[in-house]
Every structure is written in C-alpha cells, then in structure tokens.
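Have a look at the structure below before the remarks.
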Amino acid sequence: MRKRTLRRGLTAFWWFTLAFLYLPLAVVVLFSFNASNSAASFTGISLRWYYRLLGNEEILSAFANSMVLAIVSSVIALVIGCLIGYGMYRHRHRKLGWLIVLIYLPIVLPDIVFGISEMAFFVQVHRLTGLLQPGLPTMIIAHVTFQIPFVALIIYSRFVGLDPTLFEAAKDLYATPAKRVVHFMLPTIKPALISAFFLSFTLSIDDFVISFFTAGPESATLPIYIWGAIKKGVSPEINAIATLMIGAVAIAAIISLVFSRRRPA
Amino acid sequence: MTDTLTADVADTRMVRSATVESAREASSIEMQRLHKRFGRDTVALDGVDLTIRAGEFFTLLGPSGCGKTTLLRILAGLEEADDGRLAIGGRDVTEVPPHRRSVNTVFQSYALFPHLSVRENLAFGLKMRGMPPEEREARVAKIAEFIQLGDLVDRRVDQLSGGQRQRIALARALVNEPDVLLLDEPLSALDAGLRSQLQVELLRVQKRLGMTFVFVTHDQQEAMVMSDRIAVLNGGVIQQVGPPREVYEHPVNAFVARFMGHDNLYPVTARSGSRLSTPLGELTAEQPGKGGLLLIRPETLDLLPGEVAGDNHLPATVAERLYRGSHAEYRLEVGETTLQATVNNRGRQLPERGDRVTVTVAPGDLVTLSE
C-alpha cells in the first residue's frame, strides 16, 4: 500500500516537473494564437500575429540575420571542431590534459564574460587595423568560438567509440590517406557531423548575450530584436516569434539527438 | 552458416577462376634482422631472421607479448621496423606503406566497416585500387559464392553473427588476391565448436588457393592443426622454426617444450655414453645429445602392472588417473618425482589410484634439449 502511494507521489512529481518546465512555453504558444492583443485574456484563435510578422521588415531582417549567423557559424565551427576532435582522438594517448581544458573552457565561461571579452577584442582589432567592424562577421566569429568545443566533443566521442583497427583495415585495403578520409572517416562519423551541426545551430539561434555584445547596428538577430521590442511591452507579435523559435530550436535539437544516437547504417 | 566448403571438382574450378587465374603467384617472405622497440625499454622484436616460403601456411606461435603480432603488423606495413629488412615476393617493402603492399590482413576484431553493407565491405579494397564497378561486382559475387555467403551480401554488418563476420573478413581480404594473407588470431573470438570448424575451412581455402598464409595464434593445438611450419617466438626472438611434428617432438629448448604442452622435463645430472642420470633414475637414450634437460613425452610411455625389472623400466605409483575414453592420463610418482603418462586404453586393465606399476619408455623416444 505504501509502495503504491510512493509511486503515485513520484508520478505526480514527474508531471509537476514537466509542467514547471513547459507551462511558461505553453502560455507563450497559446497567446501567439490569441485573437485579441490582450496579454491577459484569451479571446479566440487567430493567426493574425503571424501575418503581422510577415509584414514587419525589421523582424524579417532579424530572422534573416539569425539564420545566416546560425548556418554560417555552424558550418565554420563544424570544420574547425571536426579537425580538433580528430586531433584529440589521434593524440589521445599523449598527456594533453591542459590543452583539452583550454578547448572546453568556453563551455563553462559565463556568456556575459565571453561576450564582453569578444567585444573588447573586436574593438581593439578594429582600432589597430580597421577590420572587424561590429556586424555579422564579428558575430559569426564569436559564435564559432563557443560552438567549437561542442563540435569537437561530439566528433571526438564518435571516434573514441570506433574500433581502432578500422583505421588500419582502411590502410590495409589500399586506401590512400585522402581516400581514407572520403571513404572511411567522413561516412563513419556522418551521424556525429549532422548532430554537431544542428547542436551548433540551436546554440547560435538561442544565443542572446554574446550576440548582443558583438552585433552592429544592422545585424540585430531575433533575440536582439525581441529584447528591443519588449521594452515597449510584450506584444502578441513577440509571442508569435517566440513560438516560431521554439519550433525551430526543437526541430534542430531533435535532429541533433536522433543523429547522435544513431549507429551508422 | 554451418555449411562447410565442399572440395568437389566443380567448386575447385570456380575457385580458380575466382581468384587464382588472374592472381599473382603466391609470394615468399624474407625477414632479415628485424628489430622493433616500443618506448625506451619494451623490446618487441630482437633481430628476427625468417624466411616464409611461397604457398606455405606459416604460423607465428607464442604467448602474449612475444612479438608475434608486432611481426605480423610489420608484414602488413601497419608498424615500421626500427631496423632490418623485409622483402615480399623478392621486392623490398621495408618502407612501403600498407596501402601500397599486395598484402591483406584478417583482423582479430574483423574490423568490418560499420557504415557499409557486406557487399560494400567486400568491394572496399578493389574500389580503393580503382577497379571499375562491373568488374568489382563480378569479383565480389564470386568470392561471396566461394565463401558460401552469397545470401548475406546485402545485409548490414551488425546483422551478422560472429562466424559470419569472420568469413566476411576473410573474403574481404581474399577478394583482393594478395600475394600474402595475414591472419591475426582470426578465430580467437569464436566458441570452440565454430572455431574448429573454421580451422578446417581456413585450411582448405589456403590449400586450394595456394596462397601464402601467415597466421598468428597463441594456441599450440591450433598451430599444429593448421600449419605447414611453425615459428615459436618468445621475448621477440624466434626460438624454433619447423613443421608441427618436429616442433612438438623435438623442441629445442625448455620454453618451446613447455609452450607445446610438455610437462615431463627433468634435469640431466650426469651422463656416461648413452646413460643419463635423472631424478627419475638411470635412463638409456638412443641419441643422448648434449642438452641438460630430458624431455619424456607422455604418449611415449607405457605401463606394466606390478614391478618389472629392466632397462628404462621405472617403478612408480599411480597418484591420479583421468579416464578419457580412448586413453587415460596418469599422474605417476617415481620416488619423489612426478611423471605424466598418456596411455591407450585398448585391451588392458586400467591401473587404479595407489597401484604399483612399472613405467617403460623406448630409448629412441627420449629427447634431450637445452635449458
């Protein structure tokens, strides 16, 4: 009898936790479909706020910036992180402790510190060389720096999970170094590459703090736009943007998760 | 899966067309003074000189850490010798990278590519060498038929059993028609039944293709079943090279004798002519040799009931008897010394534990060897 009570209690706790996590999101999603512009009462279902988004050039440009930033930074981070991940794997028997820590440090560093540092760095570079005016390029560089550790970690774990004799089998079966990359390594780590790309993508879309410090006047992303707009009060339009972002990030995260679990077919 | 390769004529003809006709001649291997060290103080190979003949089933036998795998990896090109020379088929390949050697390996873990189907695994080597797809497909189909796994080619690797993986790994190497096939303990991951079945198959494949096989194992039984010749290694040094029977019956030293499974080794304390003094007593050997150690193989001994006097007759007590059906294994006590004997059961009363018996051995069966 007591066991059953306990189990019921735990089940309730589970639902409470889920509600705690997702009710706020549900409120935003619900009100994005609100027919009236009241943030307090739900009067009926409508897509008017979504139509309104399509007509708002500021939002469309912020959306475009977010996508360009996320895609370009993810691709660059994928290439660099993949090389680092492979390097870490190749030299895993050496004592690389502190080097690995250096690569992972950005993961634990507070975003605000990271953002301020990036900004200060870009300002100095700009002052000395005239390059790197704040804008999309600086944001891309900043995003790449915090995406790399995640990519490197994912790629490294994929390599560590492989039978090391596979590398030797490829050599033994006449594959030149270039062919080993094309016909063995890349296909073997493909799920990890896809997973790493979509994780980087969600990290970039999510990011506000670092973007905020490295953005220029023309390069506002969706989070930056929302932050600016919210000072004038929460409009139902913001709910619609937020809902779209929840959807986009959820999809990217699910793709990332699916591929990180998938064994190569 | 349980089908064995049947050695009928049609099959043999198919095999020829599949692999031998277009294949190069089987190649010999010559190793000269091969040295290999890992780190500062681990010597893996300490001056290995060895010639493996073309078409031979040659086994590198030894305990783990003896250097046999290192030697195989040097043959494959996966490891580079610190010093010495290696030639395959008369061509110096000491510094040739693995992807440019006509040598293929069957790995202990099989190392099948998980991202490829069985068919793509089989075709991998041919593809890397730039063979056109149609020719490749034909070769893969033939080898799959030869190894009797034609129905598996479209499977994924993770859908195969251990025995199937083993055969695919073998086929993936054979399809390239290498000059030499290297096998790194290829059967060690299989259970005993499957293992002995695949031993027979492997041997048949080798005999029919006439390809040079270099096989690594730590199992002396396996080595004796499979090999034309065996090299026994210890501490990076070749102890003895010879046909299985020679290595088993005439080991050159105590290490080889023990590794081949012999326990009856006794110091020769004194000798005069063909008379040897040992802890068992005085024995007469046909060829007393010079070695300080006497080897008595258990199967050369015979038991007589009671005490019988005579040359090479030793009084003993049965300390233990293990009945094995066709034969029995005895642990005998000769004075303070223990002696193992394996005796055929046919038409005899089996001595019981505690019985007094007389052990006899022919002078020709006594072998002396160095420490």
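Within each chain, counting starts at residue 1; across the structure tokens, chains are named A, B, ... in the order shown, with ligands numbered 1 upward in that order.
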
Interface residues on chain A facing chain B, 6 Å, only C-alpha atoms, written as number ranges by chain: A: 165-166, 171-175, 188, 264-265

Non-local contacts of Val153 in chain B (7 Å; only C-alpha atoms; under 3 positions in same chain excluded) as a PyMOL selection string: chain B and resi 118-119+150

May I have the selected residues written with N, CA and C atoms, as a short mmCIF file (atom, residue, chain, number, x, y, z; two decimals), in the first residue's frame?
```
data_model
loop_
_atom_site.label_atom_id
_atom_site.label_comp_id
_atom_site.auth_asym_id
_atom_site.auth_seq_id
_atom_site.Cartn_x
_atom_site.Cartn_y
_atom_site.Cartn_z
N VAL B 118 27.63 -5.53 -46.35
CA VAL B 118 28.60 -6.60 -46.55
C VAL B 118 29.23 -6.49 -47.95
N ARG B 119 28.38 -6.25 -48.95
CA ARG B 119 28.86 -6.15 -50.32
C ARG B 119 29.90 -5.02 -50.45
N GLY B 150 26.85 -15.94 -50.23
CA GLY B 150 26.20 -15.17 -51.28
C GLY B 150 24.93 -14.48 -50.82
#
```

Helix (DSSP H, G or I) positions in range 123-222 of chain A, given as an MDAnalysis selection string: chainID A and resid 123:129 136:160 165:172 177:206 209:214 222

Shell around range 82-98 of chain A at 7 Å using only C-alpha atoms, local window under 6 positions removed, as a PyMOL selection string: chain A and resi 151-153+155-156+159-160

Surrounding residues of Gly44 in chain A excluding itself and chain neighbours under 6 positions, 10 Å, only C-alpha atoms, as an MDAnalysis selection string: chainID A and resid 31 33:36

Write the selection just made, keeping C-alpha atoms, as a PDB file, in the first residue's frame?
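Done, and the output landed in out34.pdb:
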```pdb
ATOM      1  CA  PHE A  31      -1.145  33.650 -26.656  1.00  0.00           C
ATOM      2  CA  PHE A  33      -2.693  32.464 -31.403  1.00  0.00           C
ATOM      3  CA  ASN A  34      -4.791  34.928 -29.400  1.00  0.00           C
ATOM      4  CA  ALA A  35      -7.357  36.846 -31.447  1.00  0.00           C
ATOM      5  CA  SER A  36      -7.122  39.954 -29.249  1.00  0.00           C
TER       6      SER A  36
END
```

Shell of 6 Å around Leu332 in chain B, only C-alpha atoms, local chain residues under 3 positions omitted, as a PyMOL selection string: chain B and resi 317-319+338-339

Shell around Arg356 in chain B at 12 Å using only C-alpha atoms, local window under 3 positions removed, as a list of chain:residue names: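 These residues fall inside the cut-off: B:Leu303, B:Leu304, B:Pro305, B:Gly306, B:Glu307, B:Val308, B:Leu314, B:Pro315, B:Ala316, B:Thr317, B:Val318, B:Ala319, B:Leu332, B:Glu333, B:Val334, B:Gly335, B:Leu350, B:Pro351, B:Glu352, B:Arg353, B:Val359.
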
CA of Gly135 in chain A to CA of Trp49 in chain A, distance in Å rounded to a single decimal: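 Separation of CA of Gly135 in chain A and CA of Trp49 in chain A: 28.8 Å.
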
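Separating CA of Val205 in chain B from CA of Met260 in chain B is a distance of 25.9 Å.
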
Point-to-point distance from CA of Ile103 in chain A to CA of Pro223 in chain A, Å rounded to tenths: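 We find that CA of Ile103 in chain A and CA of Pro223 in chain A lie 26.7 Å from each other.
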